[in-house]
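Structure first, then comments.
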Amino acid sequence: MPSLARSNLNILVAGLGCCKQEIFATQGALYDIQRFGVNFVSTAEDADILVIQGFYNKKGITRVLNIYDRMSSPKWIIAVGSCVLNENLFKLESKLLSQLRNKVAINMYIPGCPPRPEAFIYAILRFSGRD
Amino acid sequence: MINNIYNKIYSPPKFVLVEEIGKNLEFILKDKIKNIFKAGQDLLIEVSKENLYQLLKELKENPELKVNSFQSVATYKISKKNFLIINLTSFVNNFSVLIKIEISGRELENGCTEIVNVLGEFYEPVNFYRDRSKLISENSDIKIFCQSLDGLDCFDLNISTDNDIVKEAYVDIDISRVVGNHYYKGLEIYDLIAYISRFDWKAGIFPEICLCSAFEELLQLKVPERARYIRMLLCELYRISNHVYFISNICNILGYDVAYSLSLLERERVLKLIETVTGSRIVPNFIRIGGVKKDISEEIIFSIRKSLPILYKNIRRIEKIIIDDFLVIERLKNIGIIGKEIALDYGISGPNLRASGIRYDLRKDKDFISYKDFSFTVPICRTGDCLDRVLIRFNEIFQSLKIISQIINKFPSGAFIKRINLSRIEFKSEAVSHGIECPHGLFKIYIEVEKSNINSLIVKGPSINSLILSEEILKENRLEDINLILTSLDISPGEIIST
Amino acid sequence: MLRLLKNFFIILGNLFKKPRTVIYPREKIIIPDSSRGVLRLKLDLDSLEVICNGCGLCNIICPQDCIEVKKRIGDNGREVLDEFCLDLSKCIFCGNCVEFCEMNAIDMSYKYQLAEYSEKNLRLEKFELIKPSGTIRDFW
């Protein structure tokens, strides 16, 4: 990972699952993820890392691929939670996610349903080579 | 003297016998109703498609019944037969009605247009369930995708504007239809309990309690007293954590960083207490049929007792920080007002309903677990704007702390579960519906069972009603207030997935 | 004026308090006892062998089918565990397998730092599941 991106990581979170509140809990004063230069953004052009989590249907998958196309060039993907790693928990069109995994390369996997906030910080530290 | 003044402000709850209403209805509409009986807490009426109009007219216009708020519509399938269920509630008379209609397979594909047309004559919010893609594309000029703003978690918003004033608003929830049609078929009961807390992931204990108490009603099982107290303790802890999370979201949108990080710290403190009891922060998997999974030790009760005064002091401090700042008050006041009439028509419930001046709470009005052992008040506000919806949640947190301190002081001893053999159970063919008071409003589950398998399971969260209402109250507001109004309604994405 | 003085003393008091942030990679947040992490196989303390006899009940109970168990006949004619495989990408940490186990042979550990570069590493074999049971709180 280039050193410029390592000291200023911008993260975009997509999806509507329960992992979302655990990821945003790291912004609080107890964990304070901003110590490592990590910011949460809401526009695709600014983001370096795309986090995918939660439930998706056909429309949602095309939206995520659209966001991934709009991101600028050094870009990575982190997959969080067992809904994305395995299949949809409520059994709707489970082949869609394997299509997603074939089209883009996923760089890091975080298991758990939902994972703890410390696990997310650990993944970011390991990803940027500072563990 | 004091009782008189109290009764003027808070009118005492009405207790209604559902069987008596059923007998009256059977007498009035003799040959037009197929079947009528009591299913759990509600009245279930089976009716054919032709007689629906007269039944709805009787229900709405009879002054003794006054069923004037629409809750939800759902469809399901049992062995090649399709059924449609309509849920209507009367908040004034404190009872609710389920209407069951058999429909053919071709009608289900067309979206049941005939039945929706009949319903639309009496209840306005039914229009949300129509096919509106043509109407939306003609009338709207700006499309906001989900998650591009903080308040829009799980739906798209189409608006048309005049300068910067919103004229029309349409909500589109296509992206959150992610639950398979019959996911519950072939699952065992303990698998279902492990899955179901994802349907309200801001407060995960409430769907579990609702499902388990519905099965207990089917089996005629009485839960031990200690298990009931543990359930109430967890309910109140989750209610506090949900409301504190709501306050932190509001502060995040206002850009108030001090209150934001202070309230997230208090949420972590409550979640740690929950984790010591259940073993997980968000998805507890703790309630079993007939009791709870584990007992609570003396050390845990001691640690809860020690952290109660700290929680009270810190949340009082956050409230003081927010109320003392006149800039925050000016921003929140007189935005997104919900009147009494429109709140009843659209059938919202919980703190949003109480903020507009109607006192309705299942903890007082119905016999929900055993809340009648404790003394607490149900706070109400008058105008129903964003400020009222923030203040009422602060008041509910303090009432919950009061209930917890009473629970801890008289914790009964005894067994914590009544063990039954789940593998050899055989039900008669029965239907039951059960409702509880979750932090967003009225959470309902409807089950039909036959022998040892579940034929239908319908989960209905309260957030969908506030979402339909948001189309109305966004009108005549500024563009920059959309974010604040949608967040102040406290919409939980997990409940929208299930409809 | 009085309010200003009051605020001054609040800030002065906060200067000497310990900060609330946990400096994460160096200090660890203490997790409650009953918290649910990765499965571990318990060891019999006398003979240092696995208690599990491979009956396969946890495989039937699991809602996501994430456990694979195989057994073989041992030297003295008793049934012995041969393979035990846990797929972390499917597991939802519900704890049903621990509740239903008749031998009391499995347990939930405190391990939660789980992030891997490739999907193959998420499949844990038998010897990896035994390892954490040696120490209790050092392996974070």
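FYI, nothing fancy with the structure tokens labels: chains A, B, ... in order, residues from 1 per chain, ligands from 1 as they appear.
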**Request:** Could you please tell me, as a list in words, which residues of chain C have an atom within 7 Å of chain A when using only C-alpha atoms?
**Result:** Arg20, Thr21, Val22, Leu88, Ser89, Lys90, Cys91, Ile92, Phe93, Tyr112, Gln113, Leu114, Ala115, Glu116, Tyr117 and Ser118 of chain C
**Asked** When DSSP works through the backbone of this structure, what residues of range 6-110 of chain A end up as strand (DSSP E or B), shown as an NGL selection string?
**Response** :A and (9-14 or 38-40 or 49-52 or 76-80 or 108-110)
Closest atom pairs, residues of chain B within 6 Å of chain C, only C-alpha atoms, as a tab-separated table:
```
residue	atom	partner	partner_atom	distance
B:Asp191	CA	C:Pro63	CA	5.5
B:Thr276	CA	C:Pro32	CA	5.4
B:Gly279	CA	C:Ser35	CA	4.1
B:Ser280	CA	C:Ser35	CA	6.0
```
Write out as a Markdown table a residue-level contact list of chain A versus chain B with cut-off 12 Å: for each qualifying residue the closest pair of atoms and the distance in Å to one decimal, counting only C-alpha atoms, rows sorted by chain and residue number upward.
```
| residue | atom | partner | partner_atom | distance |
| --- | --- | --- | --- | --- |
| A:Leu12 | CA | B:Gln147 | CA | 10.3 |
| A:Val13 | CA | B:Gln147 | CA | 8.9 |
| A:Ala14 | CA | B:Gln147 | CA | 7.6 |
| A:Gly15 | CA | B:Cys154 | CA | 8.3 |
| A:Leu16 | CA | B:Cys154 | CA | 6.3 |
| A:Gly17 | CA | B:Gly494 | CA | 7.7 |
| A:Cys18 | CA | B:Trp201 | CA | 5.9 |
| A:Cys19 | CA | B:Trp201 | CA | 9.4 |
| A:Lys20 | CA | B:Trp201 | CA | 10.2 |
| A:Gln21 | CA | B:Lys202 | CA | 8.4 |
| A:Glu22 | CA | B:Ile282 | CA | 9.0 |
| A:Phe24 | CA | B:Leu264 | CA | 10.2 |
| A:Ala25 | CA | B:Leu264 | CA | 7.5 |
| A:Thr26 | CA | B:Leu264 | CA | 9.7 |
| A:Gln27 | CA | B:Ser261 | CA | 8.2 |
| A:Gly28 | CA | B:Ser261 | CA | 5.4 |
| A:Ala29 | CA | B:Ser261 | CA | 5.7 |
| A:Leu30 | CA | B:Leu265 | CA | 6.5 |
| A:Tyr31 | CA | B:Leu265 | CA | 9.7 |
| A:Asp32 | CA | B:Ser261 | CA | 9.6 |
| A:Val41 | CA | B:Ser148 | CA | 10.1 |
| A:Ser42 | CA | B:Ser148 | CA | 6.4 |
| A:Thr43 | CA | B:Ser148 | CA | 7.7 |
| A:Ala44 | CA | B:Ser148 | CA | 10.0 |
| A:Gly54 | CA | B:Val178 | CA | 10.0 |
| A:Phe55 | CA | B:Val178 | CA | 6.4 |
| A:Tyr56 | CA | B:Val178 | CA | 6.3 |
| A:Asn57 | CA | B:Val178 | CA | 5.7 |
| A:Lys58 | CA | B:Ile175 | CA | 8.4 |
| A:Lys59 | CA | B:Ile175 | CA | 6.2 |
| A:Gly60 | CA | B:Ile175 | CA | 6.1 |
| A:Ile61 | CA | B:Ile175 | CA | 9.8 |
| A:Thr62 | CA | B:Ile175 | CA | 10.8 |
| A:Arg63 | CA | B:Phe145 | CA | 9.7 |
| A:Val64 | CA | B:Cys146 | CA | 11.8 |
| A:Ile67 | CA | B:Ser148 | CA | 11.6 |
| A:Cys83 | CA | B:Val178 | CA | 11.5 |
| A:Glu87 | CA | B:Val178 | CA | 11.8 |
| A:Asn88 | CA | B:Val178 | CA | 8.3 |
| A:Leu89 | CA | B:Tyr195 | CA | 8.0 |
| A:Phe90 | CA | B:Val179 | CA | 5.3 |
| A:Lys91 | CA | B:Gly180 | CA | 5.4 |
| A:Leu92 | CA | B:Gly180 | CA | 4.6 |
| A:Glu93 | CA | B:Gly180 | CA | 8.1 |
| A:Ser94 | CA | B:Gly180 | CA | 10.1 |
| A:Leu96 | CA | B:Val178 | CA | 11.8 |
| A:Gly112 | CA | B:Val283 | CA | 11.3 |
| A:Cys113 | CA | B:Val283 | CA | 8.2 |
| A:Pro114 | CA | B:Ile282 | CA | 7.8 |
| A:Pro115 | CA | B:Arg281 | CA | 9.8 |
| A:Arg116 | CA | B:Arg281 | CA | 8.3 |
| A:Pro117 | CA | B:Arg281 | CA | 10.5 |
```
**Message:** So that I can check the surroundings of Ile342 in chain B, please list as a list in words every protein, DNA and RNA residue that reaches within 10 Å of it, counting only C-alpha atoms and ignoring chain neighbours fewer than 2 positions away.
**Reply:** Ser69, Ile338, Gly339, Lys340, Leu344, Asp345, Tyr346, Gly347, Ile348, Ser356, Leu469, Glu472 and Ile473 of chain B
**Request:** Skip range 32-42 of chain B itself and residues of its chain fewer than 4 positions away, then list as JSON, numbers by chain all residues within 6 Å of it, counting only C-alpha atoms.
**Result:** {"B": [46, 47, 96, 97, 431, 432, 433]}
Kindly export the residues of the current selection with N, CA and C atoms, as a JSON list (two decimals), in the first residue's frame.
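So again-v4.json came out as:
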```json
[["chain", "number", "residue", "atom", "x", "y", "z"],
["B", 46, "GLU", "N", -62.97, -13.92, 9.26],
["B", 46, "GLU", "CA", -62.84, -14.46, 7.91],
["B", 46, "GLU", "C", -64.02, -13.99, 7.10],
["B", 47, "VAL", "N", -63.77, -13.45, 5.91],
["B", 47, "VAL", "CA", -64.84, -12.85, 5.11],
["B", 47, "VAL", "C", -64.53, -13.09, 3.65],
["B", 96, "SER", "N", -57.72, -4.41, 18.45],
["B", 96, "SER", "CA", -57.37, -4.44, 17.03],
["B", 96, "SER", "C", -57.99, -5.66, 16.35],
["B", 97, "VAL", "N", -58.13, -5.55, 15.02],
["B", 97, "VAL", "CA", -58.91, -6.51, 14.22],
["B", 97, "VAL", "C", -58.04, -7.03, 13.09],
["B", 431, "ALA", "N", -54.49, -20.28, 15.12],
["B", 431, "ALA", "CA", -53.83, -19.03, 14.73],
["B", 431, "ALA", "C", -53.71, -18.16, 15.97],
["B", 432, "VAL", "N", -52.59, -17.42, 16.06],
["B", 432, "VAL", "CA", -52.41, -16.54, 17.21],
["B", 432, "VAL", "C", -51.66, -15.29, 16.75],
["B", 433, "SER", "N", -52.03, -14.15, 17.35],
["B", 433, "SER", "CA", -51.25, -12.94, 17.06],
["B", 433, "SER", "C", -50.88, -12.29, 18.38]]
```
**Prompt:** CA of Lys272 in chain B to CA of Cys251 in chain B: how many Å, to one decimal?
**Reply:** 22.5 Å
**Request:** Please identify all polymer residues within 7 Å of Cys85 in chain C, counting only C-alpha atoms, omitting same-chain residues fewer than 3 positions from it, and present them as a list in words.
**Result:**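 Neighbouring residues, sequence-local ones excluded: Ile67, Glu68, Val69, Leu124, Glu125 and Lys126 of chain C.
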**Message:** Using only C-alpha atoms, which protein or nucleic acid residues come within 9 Å of Phe376 in chain B? Drop anything in the same chain fewer than 2 positions from it, and give the result as a VMD selection string.
**Reply:** chain B and resid 374 378 399 to 400 402 to 403
**Request:** May I ask for the distance between CA of Lys410 in chain B and CA of Asn242 in chain B, given in Å to one decimal place?
**Result:**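 Computed distance, CA of Lys410 in chain B to CA of Asn242 in chain B, equals 25.5 Å.
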**Complete:** Closest of B:Val18, B:Leu44, B:Val166, B:Cys212 to Asn93 in chain B, counting only C-alpha atoms, is B:Val18
